[in-house]
Amino acid sequence: MKRFIYSLFFFSILSSCSEYQRVLKTDDIASKFKLGTELYELGKFEKANRLFLQIVPKYRGKPQAQKLMYMHSKAFYNTKDYYTANYKMEQFVESYPDSERVDEIAFLGAKSYYFLSPKYSRDQTETIDALEKLQEFINRYPDSKYFNDANAIIQELDLKLEKKAYEIALQYNKTGPYHRDYNSAITAFDNFLDSFPGSVFREDALFYKFDSAYKLAVNSVKWKQNERTEKALKYYRSLMRYFPETKYLVQTQLMHEELQNIKNNTTTKS
């Protein structure tokens, strides 16, 4: 009995494959549309799209074109061909602005850019593109059921850009001992704080800005030390104003004490 069932299963697969090959080679676009739709609904997106690719130009302007283009663009999305998916989905939105599915396709098209965004340590051009597309979606479809999902992705991508900018600034601080250029670190943290005033890395940025100024002061030539110490103390006060119980408190207090000693000594000598 089991043998009989396996035989039936084997022949059904062969029959299915031969039917697909037959339709793939035929000139009958209705058969391609019908089988492609069936395959799409079964989740066989690559096979479905091979058929759709053959008939898309021939259905242009016909009543079935909207459904075809919907399945065609989503098939690219579901096979993770995000470059093609976002292009096809933008075409759908432009061609069928009144479709009941337009906000879904617009969202997935924008989300395709999100999937192309690399990890934070790499160039973030695709991340910026994704943010622009998602913001465009939110502006255009404020009542969409995908609105909250789009906002969540925007927050995730914003955090990635924040982390990238923060790590660049931190790198100036960490390499300071090798090139003695802590001013570049201070400038980088200033730029970061201006660009991301509400960042989750704000406390860290304020601390390392202070840390950079501290290192510049304690390693300074004598005639510049007083001025640099005052600047470092200013950054210390800024950190303590916003984060009086900072996670860097012990370290910060020791640094502050050393700066005060330098200030007292330079003041006494002058």
# chains A, B, ... in the order shown; residues from 1 in each chain; ligands from 1
call {"tool": "residues_around", "arguments": {"residues": "Tyr96 of chain A", "least_positions_apart": "5", "cutoff": "12 Å", "atoms": "only C-alpha atoms", "output": "compact mmCIF listing (two decimals) with N, CA and C atoms, in the first residue's frame"}}
result
# COMPACT_ATOMS: atom_id res chain seq x y z
N GLY A 61 -2.67 47.32 -19.49
CA GLY A 61 -3.92 47.96 -19.90
C GLY A 61 -5.14 47.07 -19.78
N PRO A 63 -7.82 44.37 -17.62
CA PRO A 63 -8.38 44.35 -16.27
C PRO A 63 -7.56 43.53 -15.28
N ALA A 65 -4.38 43.29 -15.14
CA ALA A 65 -3.02 43.81 -14.99
C ALA A 65 -2.68 44.17 -13.55
N GLN A 66 -3.65 44.76 -12.84
CA GLN A 66 -3.38 45.18 -11.45
C GLN A 66 -3.06 43.97 -10.57
N LYS A 67 -3.87 42.92 -10.67
CA LYS A 67 -3.61 41.72 -9.87
C LYS A 67 -2.28 41.09 -10.25
N MET A 69 0.40 42.58 -11.53
CA MET A 69 1.52 43.39 -11.06
C MET A 69 1.67 43.30 -9.54
N TYR A 70 0.57 43.13 -8.84
CA TYR A 70 0.62 42.93 -7.39
C TYR A 70 1.38 41.64 -7.07
N MET A 89 7.51 47.63 -7.06
CA MET A 89 6.48 48.14 -6.16
C MET A 89 6.25 49.63 -6.36
N GLU A 90 7.30 50.37 -6.63
CA GLU A 90 7.14 51.79 -6.92
C GLU A 90 6.37 51.98 -8.23
N GLN A 91 6.59 51.09 -9.19
CA GLN A 91 5.82 51.11 -10.43
C GLN A 91 4.34 50.86 -10.16
N ARG A 101 -4.84 47.99 -2.39
CA ARG A 101 -3.61 47.38 -1.90
C ARG A 101 -2.41 48.33 -2.01
N VAL A 102 -2.66 49.55 -2.39
CA VAL A 102 -1.55 50.46 -2.70
C VAL A 102 -0.69 50.76 -1.47
N ASP A 103 -1.31 50.91 -0.28
CA ASP A 103 -0.50 51.22 0.90
C ASP A 103 0.35 50.01 1.31
N ILE A 105 1.65 47.77 -0.76
CA ILE A 105 2.77 47.70 -1.69
C ILE A 105 3.75 48.85 -1.46
N ALA A 106 3.21 50.03 -1.15
CA ALA A 106 4.09 51.17 -0.86
C ALA A 106 4.94 50.89 0.37
call {"tool": "residues_around", "arguments": {"residues": "Lys25 of chain A", "least_positions_apart": "6", "cutoff": "12 Å", "atoms": "only C-alpha atoms", "output": "list in words"}}
result
Ser18, Glu19, Ser31, Lys32, Arg50, Leu51, Gln54 and Ile55 of chain A
call {"tool": "closest_residue", "arguments": {"among": "A:Glu132, A:Asp204, A:Asp181, A:Glu104", "to": "Lys163 of chain A", "atoms": "only C-alpha atoms"}}
result
A:Asp204
call {"tool": "closest_atom_pairs", "arguments": {"of": "segment 153-230 of chain A", "to": "segment 252-265 of chain A", "cutoff": "9 Å", "atoms": "only C-alpha atoms", "output": "CSV"}}
result
residue,atom,partner,partner_atom,distance
A:Phe207,CA,A:Thr252,CA,8.1
A:Phe210,CA,A:Thr252,CA,8.8
A:Asp211,CA,A:Met255,CA,8.3
A:Tyr214,CA,A:Met255,CA,7.2
A:Ala217,CA,A:Leu259,CA,8.0
A:Val218,CA,A:Leu259,CA,7.5
A:Gln225,CA,A:Ile262,CA,8.1
A:Asn226,CA,A:Lys263,CA,6.3
A:Thr229,CA,A:Leu259,CA,6.2
A:Glu230,CA,A:Lys263,CA,7.7
call {"tool": "write_last_selection", "arguments": {"atoms": "C-alpha atoms", "output": "PDB file, in the first residue's frame"}}
result
ATOM      1  CA  PHE A 207      31.515  61.757  28.899  1.00  0.00           C
ATOM      2  CA  PHE A 210      34.904  65.550  28.567  1.00  0.00           C
ATOM      3  CA  ASP A 211      37.420  62.705  28.522  1.00  0.00           C
ATOM      4  CA  TYR A 214      40.684  66.097  30.001  1.00  0.00           C
ATOM      5  CA  ALA A 217      44.571  69.316  29.256  1.00  0.00           C
ATOM      6  CA  VAL A 218      46.670  66.915  31.339  1.00  0.00           C
ATOM      7  CA  GLN A 225      47.269  74.048  30.170  1.00  0.00           C
ATOM      8  CA  ASN A 226      45.179  76.607  32.046  1.00  0.00           C
ATOM      9  CA  THR A 229      41.786  72.812  31.854  1.00  0.00           C
ATOM     10  CA  GLU A 230      39.004  75.424  31.997  1.00  0.00           C
TER      11      GLU A 230
END
call {"tool": "residues_around", "arguments": {"residues": "segment 182-189 of chain A", "least_positions_apart": "2", "cutoff": "10 Å", "atoms": "only C-alpha atoms", "output": "PyMOL selection string"}}
result
chain A and resi 165-177+179-180+191-195+202+204-217+235
call {"tool": "select_by_dssp", "arguments": {"residues": "segment 22-221 of chain A", "states": "alpha helix (DSSP H)", "output": "PyMOL selection string"}}
result
chain A and resi 22-25+29-41+45-55+65-78+82-95+102-116+125-140+147-174+176-179+182-195+202-218
call {"tool": "write_last_selection", "arguments": {"atoms": "C-alpha atoms", "output": "compact mmCIF listing (two decimals), in the first residue's frame"}}
result
# COMPACT_ATOMS: atom_id res chain seq x y z
CA ARG A 22 4.27 22.88 -21.05
CA VAL A 23 2.68 26.15 -19.89
CA LEU A 24 6.08 27.84 -19.71
CA LYS A 25 6.64 27.11 -23.41
CA ILE A 29 -1.03 33.92 -21.81
CA ALA A 30 -4.27 32.97 -20.02
CA SER A 31 -2.77 29.59 -19.08
CA LYS A 32 0.37 31.31 -17.81
CA PHE A 33 -1.71 33.73 -15.75
CA LYS A 34 -3.84 30.92 -14.27
CA LEU A 35 -0.94 28.60 -13.39
CA GLY A 36 1.20 31.49 -12.19
CA THR A 37 -1.59 32.56 -9.83
CA GLU A 38 -1.95 29.01 -8.50
CA LEU A 39 1.78 28.72 -7.90
CA TYR A 40 1.87 32.14 -6.24
CA GLU A 41 -0.91 31.15 -3.85
CA PHE A 45 7.13 32.44 -5.96
CA GLU A 46 10.14 31.77 -8.19
CA LYS A 47 8.19 29.47 -10.49
CA ALA A 48 5.23 31.84 -10.53
CA ASN A 49 7.44 34.78 -11.43
CA ARG A 50 9.01 32.96 -14.36
CA LEU A 51 5.52 32.82 -15.84
CA PHE A 52 4.65 36.39 -14.82
CA LEU A 53 7.79 37.75 -16.46
CA GLN A 54 6.60 36.35 -19.79
CA ILE A 55 3.15 37.90 -19.66
CA ALA A 65 -3.02 43.81 -14.99
CA GLN A 66 -3.38 45.18 -11.45
CA LYS A 67 -3.61 41.72 -9.87
CA LEU A 68 -0.75 40.49 -12.02
CA MET A 69 1.52 43.39 -11.06
CA TYR A 70 0.62 42.93 -7.39
CA MET A 71 1.65 39.27 -7.46
CA HIS A 72 4.66 39.98 -9.66
CA SER A 73 6.12 42.63 -7.32
CA LYS A 74 5.38 40.61 -4.17
CA ALA A 75 6.97 37.52 -5.70
CA PHE A 76 10.25 39.46 -6.00
CA TYR A 77 9.85 40.61 -2.37
CA ASN A 78 9.11 37.10 -1.12
CA TYR A 82 14.76 43.50 -2.83
CA TYR A 83 16.42 45.60 -5.52
CA THR A 84 13.86 44.46 -8.10
CA ALA A 85 11.02 44.42 -5.57
CA ASN A 86 11.32 48.08 -4.62
CA TYR A 87 11.47 49.08 -8.29
CA LYS A 88 8.41 47.00 -9.22
CA MET A 89 6.48 48.14 -6.16
CA GLU A 90 7.14 51.79 -6.92
CA GLN A 91 5.82 51.11 -10.43
CA PHE A 92 2.67 49.58 -8.94
CA VAL A 93 2.08 52.60 -6.66
CA GLU A 94 2.52 54.96 -9.59
CA SER A 95 0.26 52.93 -11.91
CA VAL A 102 -1.55 50.46 -2.70
CA ASP A 103 -0.50 51.22 0.90
CA GLU A 104 0.60 47.60 1.42
CA ILE A 105 2.77 47.70 -1.69
CA ALA A 106 4.09 51.17 -0.86
CA PHE A 107 5.09 49.95 2.60
CA LEU A 108 6.74 46.77 1.35
CA GLY A 109 8.55 48.77 -1.33
CA ALA A 110 9.96 51.08 1.36
CA LYS A 111 10.74 48.09 3.58
CA SER A 112 12.72 46.56 0.70
CA TYR A 113 15.20 49.41 1.12
CA TYR A 114 15.39 48.56 4.83
CA PHE A 115 16.52 45.03 4.00
CA LEU A 116 19.30 46.49 1.85
CA THR A 125 23.85 55.23 1.88
CA GLU A 126 21.21 52.48 1.70
CA THR A 127 20.11 53.27 5.26
CA ILE A 128 19.52 56.90 4.35
CA ASP A 129 17.60 55.80 1.24
CA ALA A 130 15.44 53.52 3.39
CA LEU A 131 14.70 56.31 5.86
CA GLU A 132 13.66 58.64 3.06
CA LYS A 133 11.35 56.01 1.53
CA LEU A 134 9.76 55.10 4.86
CA GLN A 135 9.22 58.76 5.75
CA GLU A 136 7.68 59.29 2.33
CA PHE A 137 5.33 56.36 3.02
CA ILE A 138 4.30 57.80 6.41
CA ASN A 139 3.63 61.22 4.91
CA ARG A 140 1.59 59.75 2.08
CA PHE A 147 2.02 53.20 9.88
CA ASN A 148 3.28 51.87 13.24
CA ASP A 149 5.47 49.25 11.55
CA ALA A 150 7.04 51.94 9.38
CA ASN A 151 7.71 54.12 12.45
CA ALA A 152 9.35 51.21 14.27
CA ILE A 153 11.68 50.57 11.33
CA ILE A 154 12.54 54.28 11.13
CA GLN A 155 13.54 54.24 14.80
CA GLU A 156 15.72 51.17 14.21
CA LEU A 157 17.46 52.79 11.25
CA ASP A 158 17.90 56.09 13.10
CA LEU A 159 19.63 54.18 15.89
CA LYS A 160 21.95 52.59 13.35
CA LEU A 161 22.96 56.03 12.03
CA GLU A 162 23.42 57.28 15.61
CA LYS A 163 25.65 54.33 16.44
CA LYS A 164 27.69 54.90 13.28
CA ALA A 165 28.22 58.60 14.10
CA TYR A 166 28.97 57.85 17.74
CA GLU A 167 31.53 55.16 16.89
CA ILE A 168 33.29 57.52 14.47
CA ALA A 169 33.58 60.17 17.19
CA LEU A 170 34.71 57.57 19.74
CA GLN A 171 37.40 56.38 17.37
CA TYR A 172 38.97 59.86 17.44
CA ASN A 173 39.06 59.62 21.23
CA LYS A 174 40.56 56.13 21.26
CA GLY A 176 44.11 60.23 20.49
CA PRO A 177 47.26 58.89 22.19
CA TYR A 178 48.75 58.04 18.79
CA HIS A 179 48.23 61.37 17.03
CA TYR A 182 41.91 65.25 20.89
CA ASN A 183 40.45 68.42 19.36
CA SER A 184 39.14 66.29 16.49
CA ALA A 185 37.40 64.04 19.00
CA ILE A 186 35.78 67.04 20.72
CA THR A 187 34.57 68.39 17.38
CA ALA A 188 33.24 64.98 16.37
CA PHE A 189 31.28 64.65 19.62
CA ASP A 190 29.95 68.21 19.22
CA ASN A 191 28.72 67.31 15.73
CA PHE A 192 27.17 64.11 17.04
CA LEU A 193 25.32 65.88 19.86
CA ASP A 194 24.05 68.54 17.45
CA SER A 195 22.81 65.92 14.99
CA ARG A 202 24.10 61.13 24.73
CA GLU A 203 25.57 60.29 28.14
CA ASP A 204 28.47 58.42 26.54
CA ALA A 205 29.11 61.24 24.08
CA LEU A 206 29.16 63.88 26.83
CA PHE A 207 31.52 61.76 28.90
CA TYR A 208 33.96 61.06 26.08
CA LYS A 209 33.86 64.69 25.02
CA PHE A 210 34.90 65.55 28.57
CA ASP A 211 37.42 62.71 28.52
CA SER A 212 38.97 64.04 25.30
CA ALA A 213 39.27 67.55 26.77
CA TYR A 214 40.68 66.10 30.00
CA LYS A 215 43.40 64.19 28.14
CA LEU A 216 44.18 67.27 26.07
CA ALA A 217 44.57 69.32 29.26
CA VAL A 218 46.67 66.92 31.34
call {"tool": "closest_residue", "arguments": {"among": "A:Asp81, A:Asp28, A:Glu100, A:Glu245", "to": "Ser144 of chain A", "atoms": "only C-alpha atoms"}}
result
A:Glu100
call {"tool": "atom_distance", "arguments": {"atom1": "atom CA of Lys247 of chain A", "atom2": "atom CA of Ser220 of chain A"}}
result
27.1 Å
call {"tool": "closest_residue", "arguments": {"among": "A:Ser238, A:Gly43, A:Lys145, A:Thr246", "to": "Thr79 of chain A", "atoms": "only C-alpha atoms"}}
result
A:Gly43
